[in-house]
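S.K.: Handing over model_13.cif, mmCIF, C-alpha atoms and all ligand atoms.
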```
data_data
#
loop_
_atom_site.label_atom_id
_atom_site.label_comp_id
_atom_site.auth_asym_id
_atom_site.auth_seq_id
_atom_site.Cartn_x
_atom_site.Cartn_y
_atom_site.Cartn_z
CA MET A 1 145.88 178.21 157.17
CA SER A 2 147.38 176.46 160.17
CA LYS A 3 150.66 174.69 159.58
CA THR A 4 150.24 172.30 162.47
CA LYS A 5 150.37 169.09 160.46
CA GLY A 6 153.99 168.00 160.30
CA LEU A 7 155.58 166.23 157.34
CA ASN A 8 158.53 164.32 158.74
CA VAL A 9 161.43 164.21 156.32
CA GLY A 10 164.36 161.78 156.40
CA ILE A 11 167.11 162.65 153.95
CA VAL A 12 169.91 160.44 152.61
CA GLY A 13 173.14 162.29 151.78
CA TYR A 14 174.66 165.52 153.07
CA GLY A 15 176.57 166.64 149.96
CA PHE A 16 175.69 169.29 147.38
CA MET A 17 172.08 168.16 147.02
CA GLY A 18 171.73 167.42 150.74
CA ARG A 19 172.28 171.16 151.25
CA THR A 20 169.92 172.39 148.51
CA HIS A 21 167.15 170.07 149.69
CA SER A 22 167.57 170.90 153.38
CA ASN A 23 167.35 174.59 152.55
CA ALA A 24 164.24 173.96 150.45
CA TRP A 25 162.45 171.98 153.19
CA LEU A 26 163.18 174.80 155.65
CA GLN A 27 162.27 177.72 153.40
CA ALA A 28 159.21 176.43 151.51
CA PRO A 29 156.69 176.87 154.36
CA ARG A 30 158.05 180.38 155.05
CA TYR A 31 157.25 181.63 151.54
CA PHE A 32 154.35 179.39 150.48
CA ASN A 33 151.08 178.74 152.27
CA LEU A 34 151.41 175.01 152.93
CA ALA A 35 149.05 172.80 154.89
CA TYR A 36 151.94 170.63 156.04
CA ARG A 37 155.05 171.92 157.79
CA PRO A 38 158.16 169.97 156.76
CA VAL A 39 160.12 168.76 159.80
CA LEU A 40 163.79 167.90 159.37
CA LYS A 41 163.53 164.67 161.34
CA ALA A 42 166.71 162.82 160.40
CA VAL A 43 169.67 162.76 158.03
CA SER A 44 171.51 159.62 157.05
CA ALA A 45 175.01 159.10 155.63
CA ARG A 46 177.85 156.74 156.47
CA ASN A 47 180.31 159.12 158.15
CA VAL A 48 178.82 159.71 161.60
CA ASP A 49 180.96 162.74 162.57
CA ARG A 50 180.20 164.54 159.34
CA VAL A 51 176.54 163.66 159.37
CA ARG A 52 176.28 165.00 162.94
CA ALA A 53 177.90 168.29 161.94
CA PHE A 54 175.50 168.53 158.98
CA ALA A 55 172.50 167.78 161.22
CA GLU A 56 173.55 170.51 163.63
CA ASN A 57 174.05 173.09 160.90
CA TRP A 58 170.65 172.49 159.29
CA GLY A 59 168.63 171.64 162.40
CA TYR A 60 167.96 167.93 161.83
CA GLN A 61 166.62 166.32 165.00
CA SER A 62 168.61 163.07 164.65
CA VAL A 63 171.11 161.15 162.52
CA GLU A 64 171.38 157.61 161.14
CA SER A 65 174.52 156.03 159.69
CA ASP A 66 172.55 153.56 157.57
CA TRP A 67 169.63 154.56 155.31
CA ARG A 68 167.90 151.25 156.20
CA ALA A 69 167.50 152.47 159.78
CA LEU A 70 166.00 155.69 158.44
CA ILE A 71 163.42 153.77 156.43
CA ALA A 72 162.61 151.49 159.39
CA ARG A 73 161.61 154.47 161.56
CA SER A 74 157.88 154.94 162.09
CA ASP A 75 158.31 158.69 162.68
CA ILE A 76 159.48 159.38 159.09
CA ASP A 77 156.84 160.15 156.42
CA LEU A 78 159.06 160.91 153.44
CA ILE A 79 162.45 159.69 152.26
CA ASP A 80 164.44 162.26 150.31
CA ILE A 81 167.24 160.63 148.30
CA ALA A 82 170.21 162.99 147.77
CA SER A 83 172.95 160.37 147.45
CA PRO A 84 174.82 159.15 144.34
CA ASN A 85 173.02 157.38 141.49
CA ASP A 86 173.95 153.79 142.47
CA THR A 87 171.96 154.16 145.70
CA HIS A 88 168.71 155.51 144.23
CA ALA A 89 166.93 152.30 143.20
CA GLU A 90 167.60 150.28 146.34
CA ILE A 91 166.66 153.12 148.70
CA ALA A 92 163.56 154.22 146.75
CA ILE A 93 162.19 150.69 146.42
CA ALA A 94 162.74 149.96 150.13
CA ALA A 95 161.14 153.28 151.07
CA ALA A 96 158.08 152.61 148.90
CA LEU A 97 157.72 149.11 150.37
CA ALA A 98 157.73 150.70 153.82
CA GLY A 99 154.90 153.01 152.70
CA LYS A 100 157.00 156.20 152.69
CA MET A 101 156.63 159.02 150.19
CA VAL A 102 159.78 159.27 148.07
CA MET A 103 161.55 162.19 146.47
CA CYS A 104 164.60 161.09 144.51
CA GLU A 105 167.44 162.96 142.89
CA LYS A 106 168.01 162.62 139.16
CA PRO A 107 168.75 160.55 137.21
CA LEU A 108 166.08 158.29 138.70
CA GLY A 109 168.18 155.13 138.20
CA ARG A 110 171.44 154.33 136.45
CA THR A 111 169.47 152.72 133.64
CA ALA A 112 165.87 152.66 132.42
CA GLU A 113 165.61 149.14 133.84
CA GLU A 114 166.42 150.41 137.34
CA ALA A 115 164.07 153.35 136.87
CA ARG A 116 161.23 151.04 135.78
CA ALA A 117 161.60 148.94 138.96
CA MET A 118 161.40 152.17 140.95
CA VAL A 119 158.22 153.24 139.14
CA ASP A 120 156.67 149.82 139.81
CA ALA A 121 157.54 150.10 143.51
CA VAL A 122 156.04 153.56 144.12
CA GLU A 123 152.97 152.90 141.96
CA SER A 124 152.23 149.53 143.62
CA ALA A 125 152.61 151.13 147.03
CA HIS A 126 150.53 154.19 145.95
CA VAL A 127 153.01 156.56 147.59
CA PRO A 128 153.49 160.14 146.38
CA ASN A 129 156.75 160.39 144.45
CA MET A 130 158.79 162.97 142.59
CA VAL A 131 162.17 163.33 140.86
CA TRP A 132 164.27 166.43 141.60
CA TYR A 133 164.44 167.81 138.06
CA ASN A 134 164.50 171.23 139.65
CA TYR A 135 165.06 173.29 136.49
CA ARG A 136 161.40 172.80 135.58
CA ARG A 137 160.72 175.29 138.36
CA VAL A 138 162.78 178.22 137.13
CA PRO A 139 160.12 180.96 136.75
CA ALA A 140 161.35 181.86 133.23
CA VAL A 141 161.02 178.23 132.13
CA VAL A 142 157.54 177.96 133.68
CA LEU A 143 156.56 181.11 131.78
CA LEU A 144 157.83 179.52 128.57
CA LYS A 145 155.69 176.43 129.28
CA LYS A 146 152.67 178.71 129.76
CA LEU A 147 153.34 180.52 126.46
CA LEU A 148 153.61 177.16 124.68
CA ASP A 149 150.39 175.90 126.28
CA GLU A 150 148.66 179.09 125.10
CA ASP A 151 149.69 178.07 121.55
CA ARG A 152 151.55 181.32 120.88
CA PHE A 153 154.24 179.45 118.93
CA GLY A 154 152.05 177.55 116.43
CA ARG A 155 153.70 174.56 114.85
CA ILE A 156 157.11 173.81 116.41
CA PHE A 157 159.97 173.28 113.97
CA HIS A 158 163.11 173.20 116.11
CA TYR A 159 164.30 172.55 119.66
CA ARG A 160 167.97 172.76 120.68
CA SER A 161 169.54 172.42 124.05
CA GLN A 162 173.04 172.22 125.54
CA PHE A 163 174.67 171.64 128.92
CA LEU A 164 178.33 172.65 128.89
CA GLN A 165 180.93 172.29 131.64
CA ASP A 166 184.75 172.12 131.73
CA TRP A 167 185.74 170.51 135.04
CA THR A 168 187.15 167.13 133.85
CA ILE A 169 189.59 168.31 131.17
CA SER A 170 192.73 167.58 133.24
CA GLU A 171 194.15 164.10 132.58
CA ASP A 172 195.42 164.08 136.19
CA LEU A 173 191.93 164.16 137.66
CA PRO A 174 191.25 160.76 139.29
CA GLN A 175 187.95 158.90 139.06
CA GLY A 176 185.76 157.45 141.80
CA GLY A 177 185.19 158.13 145.48
CA GLU A 178 184.05 161.27 147.18
CA GLY A 179 183.38 164.17 144.87
CA LEU A 180 184.46 162.16 141.80
CA TRP A 181 181.90 159.35 141.72
CA ARG A 182 180.45 160.98 138.55
CA LEU A 183 183.48 159.64 136.62
CA ASP A 184 182.96 156.05 137.84
CA SER A 185 180.37 154.37 135.61
CA SER A 186 179.50 151.72 138.20
CA VAL A 187 178.24 154.51 140.49
CA ALA A 188 177.03 157.10 137.99
CA GLY A 189 175.58 154.75 135.36
CA SER A 190 176.75 157.01 132.54
CA GLY A 191 178.66 160.25 132.13
CA VAL A 192 177.21 163.48 130.84
CA THR A 193 174.26 161.69 129.23
CA GLY A 194 172.71 160.73 132.58
CA ASP A 195 174.20 163.57 134.60
CA LEU A 196 173.64 166.61 132.37
CA LEU A 197 171.58 165.69 129.29
CA ALA A 198 168.96 164.14 131.58
CA HIS A 199 168.10 167.69 132.71
CA ASN A 200 167.83 168.92 129.11
CA ILE A 201 165.70 165.92 128.15
CA ASP A 202 163.34 166.19 131.13
CA MET A 203 162.75 169.84 130.32
CA ALA A 204 162.28 169.14 126.61
CA LEU A 205 159.76 166.33 127.21
CA TRP A 206 157.80 168.69 129.45
CA LEU A 207 157.90 171.64 127.06
CA ASN A 208 157.79 169.96 123.65
CA GLY A 209 156.26 166.51 124.24
CA PRO A 210 157.58 162.98 123.59
CA ILE A 211 160.74 162.18 121.63
CA THR A 212 160.25 159.37 119.10
CA GLU A 213 163.79 158.55 117.89
CA VAL A 214 167.41 159.54 118.46
CA SER A 215 170.76 159.29 116.69
CA ALA A 216 173.73 159.90 118.96
CA MET A 217 177.48 160.09 119.31
CA THR A 218 179.50 160.03 122.53
CA GLU A 219 183.21 160.39 123.28
CA THR A 220 185.50 159.60 126.18
CA PHE A 221 188.44 161.97 125.71
CA VAL A 222 190.55 160.69 128.61
CA LYS A 223 190.56 156.89 128.38
CA GLU A 224 192.24 155.98 131.70
CA ARG A 225 192.31 157.60 135.11
CA LYS A 226 193.58 156.56 138.52
CA HIS A 227 190.70 155.23 140.62
CA ASN A 228 190.56 156.83 144.06
CA LEU A 229 189.23 153.70 145.78
CA THR A 230 191.53 151.05 144.23
CA GLY A 231 194.60 153.25 143.65
CA GLU A 232 194.91 151.60 140.18
CA VAL A 233 194.84 153.27 136.79
CA GLU A 234 191.58 152.01 135.29
CA PRO A 235 189.68 152.49 132.02
CA VAL A 236 187.21 155.39 132.05
CA LYS A 237 183.81 153.97 131.13
CA ILE A 238 181.69 157.09 131.21
CA ASP A 239 180.89 159.36 128.27
CA ASP A 240 182.76 162.68 128.61
CA ALA A 241 180.69 164.28 125.87
CA SER A 242 177.39 163.32 124.24
CA ALA A 243 175.43 164.78 121.35
CA PHE A 244 172.27 163.62 119.64
CA LEU A 245 169.78 164.47 116.94
CA CYS A 246 166.16 163.58 117.53
CA ARG A 247 162.60 163.87 116.35
CA PHE A 248 159.68 164.80 118.57
CA ALA A 249 156.17 163.37 118.16
CA ASN A 250 154.97 166.89 117.22
CA GLY A 251 157.15 166.73 114.08
CA SER A 252 159.90 169.05 115.29
CA MET A 253 163.56 168.14 114.99
CA ALA A 254 166.15 168.76 117.67
CA LEU A 255 169.80 168.91 118.64
CA PHE A 256 171.13 168.19 122.12
CA GLU A 257 174.72 168.37 123.38
CA ALA A 258 176.45 167.99 126.74
CA THR A 259 180.10 167.93 127.66
CA ARG A 260 182.53 168.46 130.53
CA TYR A 261 185.20 169.59 128.03
CA ALA A 262 183.92 173.01 126.93
CA ARG A 263 186.72 175.17 128.33
CA GLY A 264 185.34 178.27 130.01
CA HIS A 265 181.82 176.95 130.58
CA LYS A 266 180.72 175.95 134.10
CA ALA A 267 177.02 175.13 133.92
CA LEU A 268 175.79 176.57 130.64
CA PHE A 269 172.38 174.96 130.30
CA THR A 270 170.66 176.53 127.28
CA LEU A 271 167.53 175.93 125.26
CA GLU A 272 165.92 177.47 122.20
CA ILE A 273 162.62 176.64 120.60
CA ASN A 274 161.50 177.89 117.17
CA GLY A 275 157.85 177.84 116.16
CA GLU A 276 155.82 179.07 113.25
CA ARG A 277 154.83 182.31 115.03
CA ALA A 278 157.33 182.68 117.88
CA SER A 279 160.71 181.66 119.25
CA ALA A 280 162.14 181.64 122.77
CA ALA A 281 165.54 181.10 124.34
CA TRP A 282 166.72 180.65 127.92
CA ASP A 283 169.99 179.90 129.69
CA LEU A 284 170.88 178.98 133.24
CA HIS A 285 173.60 181.63 133.62
CA ASP A 286 170.89 184.28 133.25
CA LEU A 287 168.08 182.19 134.63
CA HIS A 288 165.77 185.09 135.50
CA ARG A 289 165.50 186.20 131.86
CA LEU A 290 163.50 184.79 128.94
CA GLN A 291 164.27 185.84 125.37
CA TYR A 292 161.07 185.90 123.31
CA PHE A 293 160.36 186.81 119.68
CA ASP A 294 156.78 187.10 118.42
CA TYR A 295 156.25 187.38 114.67
CA ARG A 296 152.77 188.84 115.26
CA ASP A 297 154.25 192.02 116.75
CA GLU A 298 153.89 195.16 114.61
CA GLY A 299 156.52 194.92 111.83
CA GLN A 300 158.55 198.03 112.61
CA LEU A 301 158.82 197.07 116.30
CA ARG A 302 159.33 193.34 115.79
CA GLY A 303 162.38 191.98 117.59
CA TRP A 304 163.65 189.82 120.43
CA LYS A 305 162.28 190.79 123.85
CA ASP A 306 164.52 190.31 126.89
CA ILE A 307 161.93 189.68 129.60
CA HIS A 308 163.11 190.14 133.20
CA ILE A 309 161.10 187.53 135.09
CA THR A 310 160.59 189.35 138.38
CA ASP A 311 157.05 190.69 138.16
CA GLY A 312 154.35 189.56 140.59
CA GLY A 313 152.43 188.11 137.63
CA HIS A 314 155.31 185.84 136.66
CA PRO A 315 155.27 182.21 137.89
CA TYR A 316 156.12 181.89 141.62
CA MET A 317 157.27 185.53 141.86
CA LYS A 318 154.41 186.83 143.99
CA ASN A 319 155.82 184.63 146.78
CA TRP A 320 159.18 186.46 146.69
CA TRP A 321 160.35 190.05 146.69
CA VAL A 322 159.12 193.17 144.90
CA PRO A 323 159.15 193.51 141.07
CA GLY A 324 162.65 193.98 139.67
CA LEU A 325 164.38 191.83 142.31
CA GLN A 326 165.44 188.45 141.03
CA ILE A 327 165.69 185.00 142.60
CA GLY A 328 168.18 182.21 141.84
CA TYR A 329 169.19 178.57 141.84
CA GLU A 330 168.11 177.56 145.35
CA HIS A 331 164.59 178.81 144.72
CA THR A 332 163.97 176.09 142.13
CA PHE A 333 164.28 173.50 144.91
CA ILE A 334 162.05 175.56 147.23
CA HIS A 335 159.40 175.70 144.47
CA GLN A 336 159.65 171.95 144.04
CA VAL A 337 159.04 171.31 147.74
CA ALA A 338 156.15 173.79 147.74
CA ASP A 339 154.47 172.12 144.76
CA PHE A 340 154.98 168.64 146.21
CA VAL A 341 153.43 169.64 149.55
CA LEU A 342 150.57 171.53 147.87
CA ALA A 343 149.79 168.34 145.90
CA LEU A 344 149.52 166.41 149.18
CA ASP A 345 146.83 168.87 150.20
CA GLY A 346 144.70 168.34 147.08
CA GLY A 347 146.71 170.42 144.61
CA PRO A 348 147.58 169.15 141.12
CA THR A 349 149.89 166.11 140.97
CA ALA A 350 153.42 167.36 141.36
CA ALA A 351 155.51 166.39 138.34
CA PRO A 352 157.98 165.07 137.41
CA THR A 353 156.82 161.83 138.98
CA PHE A 354 158.95 158.68 138.88
CA ARG A 355 157.10 157.73 135.67
CA ASP A 356 158.19 161.03 134.12
CA GLY A 357 161.74 160.26 135.33
CA LEU A 358 161.52 156.90 133.54
CA ALA A 359 160.54 158.69 130.31
CA THR A 360 163.82 160.62 130.47
CA GLU A 361 165.81 157.44 131.15
CA LEU A 362 164.29 155.73 128.13
CA VAL A 363 165.74 158.57 126.06
CA THR A 364 169.17 158.55 127.78
CA ASP A 365 169.39 154.76 127.37
CA ALA A 366 168.51 155.11 123.67
CA VAL A 367 171.16 157.83 123.27
CA LEU A 368 173.83 155.54 124.75
CA HIS A 369 172.65 152.59 122.61
CA SER A 370 172.62 154.69 119.45
CA ALA A 371 176.15 155.95 120.11
CA LYS A 372 177.27 152.30 120.18
CA SER A 373 175.09 150.92 117.36
CA LYS A 374 175.62 154.03 115.16
CA LYS A 375 171.95 153.65 114.24
CA TRP A 376 168.75 155.57 114.94
CA GLU A 377 167.03 154.16 118.04
CA SER A 378 163.32 154.54 118.70
CA ILE A 379 162.03 155.44 122.16
CA PRO A 380 159.60 153.10 123.93
CA THR A 381 156.76 154.64 125.98
CA ALA A 382 157.27 154.96 129.72
N1 LIG B 1 169.00 168.32 140.57
C1 LIG B 1 170.23 168.74 140.29
O1 LIG B 1 170.42 169.76 139.65
C2 LIG B 1 171.40 167.96 140.80
C3 LIG B 1 172.65 168.59 140.98
C4 LIG B 1 173.70 167.84 141.51
C5 LIG B 1 173.51 166.51 141.83
N2 LIG B 1 172.31 165.91 141.58
C6 LIG B 1 172.09 164.50 141.91
O2 LIG B 1 172.04 164.38 143.33
C7 LIG B 1 172.64 163.17 143.76
C8 LIG B 1 173.76 163.50 144.74
O3 LIG B 1 174.70 164.34 144.08
P1 LIG B 1 175.62 165.38 144.93
O4 LIG B 1 176.20 166.32 143.93
O5 LIG B 1 174.84 165.90 146.06
O6 LIG B 1 176.72 164.38 145.44
P2 LIG B 1 177.77 164.60 146.60
O7 LIG B 1 178.92 163.74 146.27
O8 LIG B 1 177.99 166.07 146.85
O9 LIG B 1 177.01 164.04 147.89
C9 LIG B 1 176.60 162.68 147.96
C10 LIG B 1 176.19 162.36 149.38
O10 LIG B 1 175.71 161.02 149.44
C11 LIG B 1 176.32 160.36 150.54
N3 LIG B 1 176.36 158.91 150.24
C12 LIG B 1 177.10 158.28 149.32
N4 LIG B 1 176.85 156.95 149.36
C13 LIG B 1 175.92 156.75 150.32
C14 LIG B 1 175.26 155.63 150.86
N5 LIG B 1 175.50 154.40 150.40
N6 LIG B 1 174.37 155.81 151.88
C15 LIG B 1 174.13 157.05 152.35
N7 LIG B 1 174.72 158.18 151.89
C16 LIG B 1 175.60 158.01 150.89
C17 LIG B 1 177.69 160.99 150.64
O11 LIG B 1 178.22 160.81 151.93
C18 LIG B 1 177.32 162.46 150.39
O12 LIG B 1 176.82 163.03 151.58
C19 LIG B 1 173.11 162.47 142.49
O13 LIG B 1 172.16 161.53 142.09
C20 LIG B 1 173.20 163.60 141.46
O14 LIG B 1 173.01 163.15 140.13
C21 LIG B 1 171.27 166.63 141.09
#
```
Can I see the file as structure tokens?
Ligand SMILES: NC(=O)c1ccc[n+]([C@@H]2O[C@H](COP(=O)([O-])OP(=O)(O)OC[C@H]3O[C@@H](n4cnc5c(N)ncnc54)[C@H](O)[C@@H]3O)[C@@H](O)[C@H]2O)c1

M.R.:
Amino acid sequence: MSKTKGLNVGIVGYGFMGRTHSNAWLQAPRYFNLAYRPVLKAVSARNVDRVRAFAENWGYQSVESDWRALIARSDIDLIDIASPNDTHAEIAIAAALAGKMVMCEKPLGRTAEEARAMVDAVESAHVPNMVWYNYRRVPAVVLLKKLLDEDRFGRIFHYRSQFLQDWTISEDLPQGGEGLWRLDSSVAGSGVTGDLLAHNIDMALWLNGPITEVSAMTETFVKERKHNLTGEVEPVKIDDASAFLCRFANGSMALFEATRYARGHKALFTLEINGERASAAWDLHDLHRLQYFDYRDEGQLRGWKDIHITDGGHPYMKNWWVPGLQIGYEHTFIHQVADFVLALDGGPTAAPTFRDGLATELVTDAVLHSAKSKKWESIPTA
């Protein structure tokens, strides 16, 4: 298939996600047969020297110091939002109004209200849209989804999922500004609920269906921190840790937990699902493995299988190396670009769409409300 049709990408933000996305746009057409060839047309961020250096490193053709100029350009087809959470809604809505396709980092908005306005904008403009919940595209997780869809598990009883980190334990860590905007609620929206649990929830909604009600608790362990932008010691308004119980529409019950205070853990995203006939477990530190137990196995050989997800028959793996050789974190973003571009060429709609992103935010909002009200909160439909 010729790759002559260009897909001109304009990205906002050159930080952590700016790098993962740029790599994905470059690599996807090299490993997947795509009808459109992504072109790194322009990158936008406020610091012109740094954005120029970023553009040079990744091969962007041009730079803009204001995202509005990026959106105003007629030579950009798609706006890729890789900037902090407080920028998502304004940029995505403006991009949709200008008729651009939009890919937006998670969480979609700081609140479900912001996310809903973003859904309205992309759906009214009929522009392709997607949220970068990249962990849906870990091959082991996609295999788990396939096993669930094949009804190998029977009735689902339990789902449990955690996201554990330890990088904000020090009381001396400031809040706000570069690198630390996640601790400033006006920028981040919430703490670990929107930053970490959103990943767990997106994956759970995809694998196990809708959540109907939640009961949550949150904690802010360090109550005041110096703010990098004001220089003042200010109250910390984000949740440092968040845990909730919930029920799914399929009758299963679940436990979720996220924290940045689990000493020794860096990005321990785990999940386990227990069904009538089978169970499975996965964690991000060993992302190329799926643990699977099938009760229908012959009794004397029944036990947990540790499946190494590197075979050509495993999801996405035929596009990579030879069996036995694993892939990693960056590939999840490459898979996401590949699926998005394949959908533009008549493939299945690439999820999670903005509406799927809103479904996650309705849960995260309910978690934060429940932690305050100390009551069960039901989840509206997206
Ligand atoms: N999918 C994932 O696994 C994942 C992982 C990390 C971050 N994220 C999300 O990605 C987004 C960015 O996070 P990050 O870790 O890359 O942050 P970062 O701090 O590393 O980078 C943010 C970038 O945005 C730029 N920026 C800030 N304000 C801007 C503005 N007004 N206009 C233009 N550019 C602006 C900064 O200059 C910087 O280049 C966040 O929404 C975050 O939640 C997602």

S.K.: I'd like the contact shell of Phe54 of chain A - 9 Å cut-off, only C-alpha atoms, skipping same-chain residues fewer than 5 positions apart - returned as a list in words.

M.R.: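 My list of contacting residues is Tyr14, Arg19, Val43, Asp49, Gly59 and Tyr60 of chain A.
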
S.K.: Set up a box along x, y and z of the file covering all listed atoms of ligand LIG 1 (chain B), add 4 Å on every one of the six sides, and write the centre and edge lengths in Å to one decimal, as lines of an AutoDock Vina configuration file.

M.R.:
```
center_x = 174.0
center_y = 162.1
center_z = 146.0
size_x = 17.9
size_y = 23.4
size_z = 20.7
```

S.K.: Taking only C-alpha atoms into account, which of A:Lys374, A:Arg160, A:Arg155, A:His88 comes nearest Ala254 of chain A?

M.R.: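 When distances to Ala254 of chain A are compared using only C-alpha atoms, the smallest one comes from A:Arg160.
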
S.K.: Determine, using all atoms listed in the file, which residues of chain A have any atom at most 8 Å from an atom of ligand LIG 1 (chain B), and tabulate each with its shortest atom pair and distance in Å to one decimal place, rows ordered by chain and then rising number, as a Markdown table.

M.R.:
```
| residue | atom | partner | partner_atom | distance |
| --- | --- | --- | --- | --- |
| A:Val12 | CA | B:LIG1 | N7 | 5.4 |
| A:Gly13 | CA | B:LIG1 | O10 | 3.7 |
| A:Tyr14 | CA | B:LIG1 | O12 | 3.6 |
| A:Gly15 | CA | B:LIG1 | O9 | 3.4 |
| A:Phe16 | CA | B:LIG1 | O5 | 3.7 |
| A:Met17 | CA | B:LIG1 | O5 | 3.7 |
| A:Gly18 | CA | B:LIG1 | O5 | 5.8 |
| A:Arg19 | CA | B:LIG1 | O5 | 7.8 |
| A:Ser44 | CA | B:LIG1 | C15 | 6.0 |
| A:Ala45 | CA | B:LIG1 | N7 | 3.9 |
| A:Arg46 | CA | B:LIG1 | C15 | 5.6 |
| A:Asn47 | CA | B:LIG1 | O11 | 6.8 |
| A:Val51 | CA | B:LIG1 | O12 | 7.8 |
| A:Ser65 | CA | B:LIG1 | C15 | 7.4 |
| A:Asp66 | CA | B:LIG1 | N6 | 6.4 |
| A:Trp67 | CA | B:LIG1 | C15 | 5.9 |
| A:Ile81 | CA | B:LIG1 | C7 | 7.5 |
| A:Ala82 | CA | B:LIG1 | C7 | 4.7 |
| A:Ser83 | CA | B:LIG1 | O10 | 3.5 |
| A:Pro84 | CA | B:LIG1 | C19 | 4.2 |
| A:Asn85 | CA | B:LIG1 | O13 | 4.3 |
| A:Asp86 | CA | B:LIG1 | O13 | 8.0 |
| A:Thr87 | CA | B:LIG1 | N5 | 5.9 |
| A:His88 | CA | B:LIG1 | O13 | 7.3 |
| A:Cys104 | CA | B:LIG1 | O13 | 8.0 |
| A:Glu105 | CA | B:LIG1 | O2 | 4.8 |
| A:Lys106 | CA | B:LIG1 | O14 | 5.1 |
| A:Pro107 | CA | B:LIG1 | O14 | 5.8 |
| A:Leu108 | CA | B:LIG1 | O13 | 7.7 |
| A:Trp132 | CA | B:LIG1 | N1 | 5.2 |
| A:Tyr133 | CA | B:LIG1 | N1 | 5.2 |
| A:Asn134 | CA | B:LIG1 | N1 | 5.4 |
| A:Tyr135 | CA | B:LIG1 | O1 | 7.2 |
| A:Glu178 | CA | B:LIG1 | O7 | 5.8 |
| A:Gly179 | CA | B:LIG1 | O7 | 4.7 |
| A:Leu180 | CA | B:LIG1 | O7 | 7.3 |
| A:Trp181 | CA | B:LIG1 | O7 | 7.0 |
| A:Arg182 | CA | B:LIG1 | O14 | 7.9 |
| A:Ala188 | CA | B:LIG1 | O14 | 7.6 |
| A:Gly194 | CA | B:LIG1 | O14 | 7.9 |
| A:Asp195 | CA | B:LIG1 | O14 | 5.7 |
| A:His199 | CA | B:LIG1 | O1 | 7.6 |
```

S.K.: Write out as a VMD selection string which residues come within 12 Å of segment 145-150 of chain A when counting all atoms listed in the file, dropping same-chain ones fewer than 2 positions away.

M.R.: chain A and resid 136 to 143 152 to 156 203 to 209 273 to 282 290 292 to 294 314 to 315

S.K.: Between atom CA of Val48 of chain A and atom CA of Arg68 of chain A, measure the distance and give it in Å to one decimal.

M.R.: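 Answer for the atom CA of Val48 of chain A to atom CA of Arg68 of chain A separation: 14.8 Å.
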
S.K.: Looking at all atoms listed in the file, which of A:Leu144, A:Ala117, A:Leu358, A:Leu368 is the one that sits closest to Arg289 of chain A?

M.R.: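 Checking each candidate against Arg289 of chain A, we get A:Leu144 as the closest.
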
S.K.: Kindly indicate which residue among A:Asn200, A:Thr212, A:Asn8, A:Ser190 lies nearest to Ser74 of chain A, using only C-alpha atoms for the distances.

M.R.: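 That would be A:Asn8, the residue with the smallest distance to Ser74 of chain A.
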
S.K.: Measuring atom to atom with only C-alpha atoms, identify which of A:Cys246, A:Val63, A:Trp321, A:Gln291 is nearest to His308 of chain A.

M.R.: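 Once distances to His308 of chain A are computed over only C-alpha atoms, the minimum belongs to A:Gln291.
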
S.K.: I'd like the interatomic distance between atom CA of Asp120 of chain A and atom CA of Ile91 of chain A, to a tenth of an Å.

M.R.: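 Atom-to-atom, atom CA of Asp120 of chain A and atom CA of Ile91 of chain A are spaced 13.8 Å apart.
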
S.K.: Which residues are close to segment 162-171 of chain A, i.e. within 8 Å by all atoms listed in the file, leaving aside same-chain residues fewer than 3 positions away? Reply as a PyMOL selection string.

M.R.: chain A and resi 196-197+200+222+225+256-271

S.K.: Give me, as JSON, numbers by chain, all polymer residues having an atom no more than 12 Å from Leu34 of chain A, counting only C-alpha atoms and skipping those fewer than 4 positions away in the same chain.

M.R.: {"A": [1, 2, 3, 4, 5, 6, 7, 25, 27, 28, 29, 30, 38, 335, 337, 338, 339, 340, 341, 342, 343, 344, 345, 346, 347]}
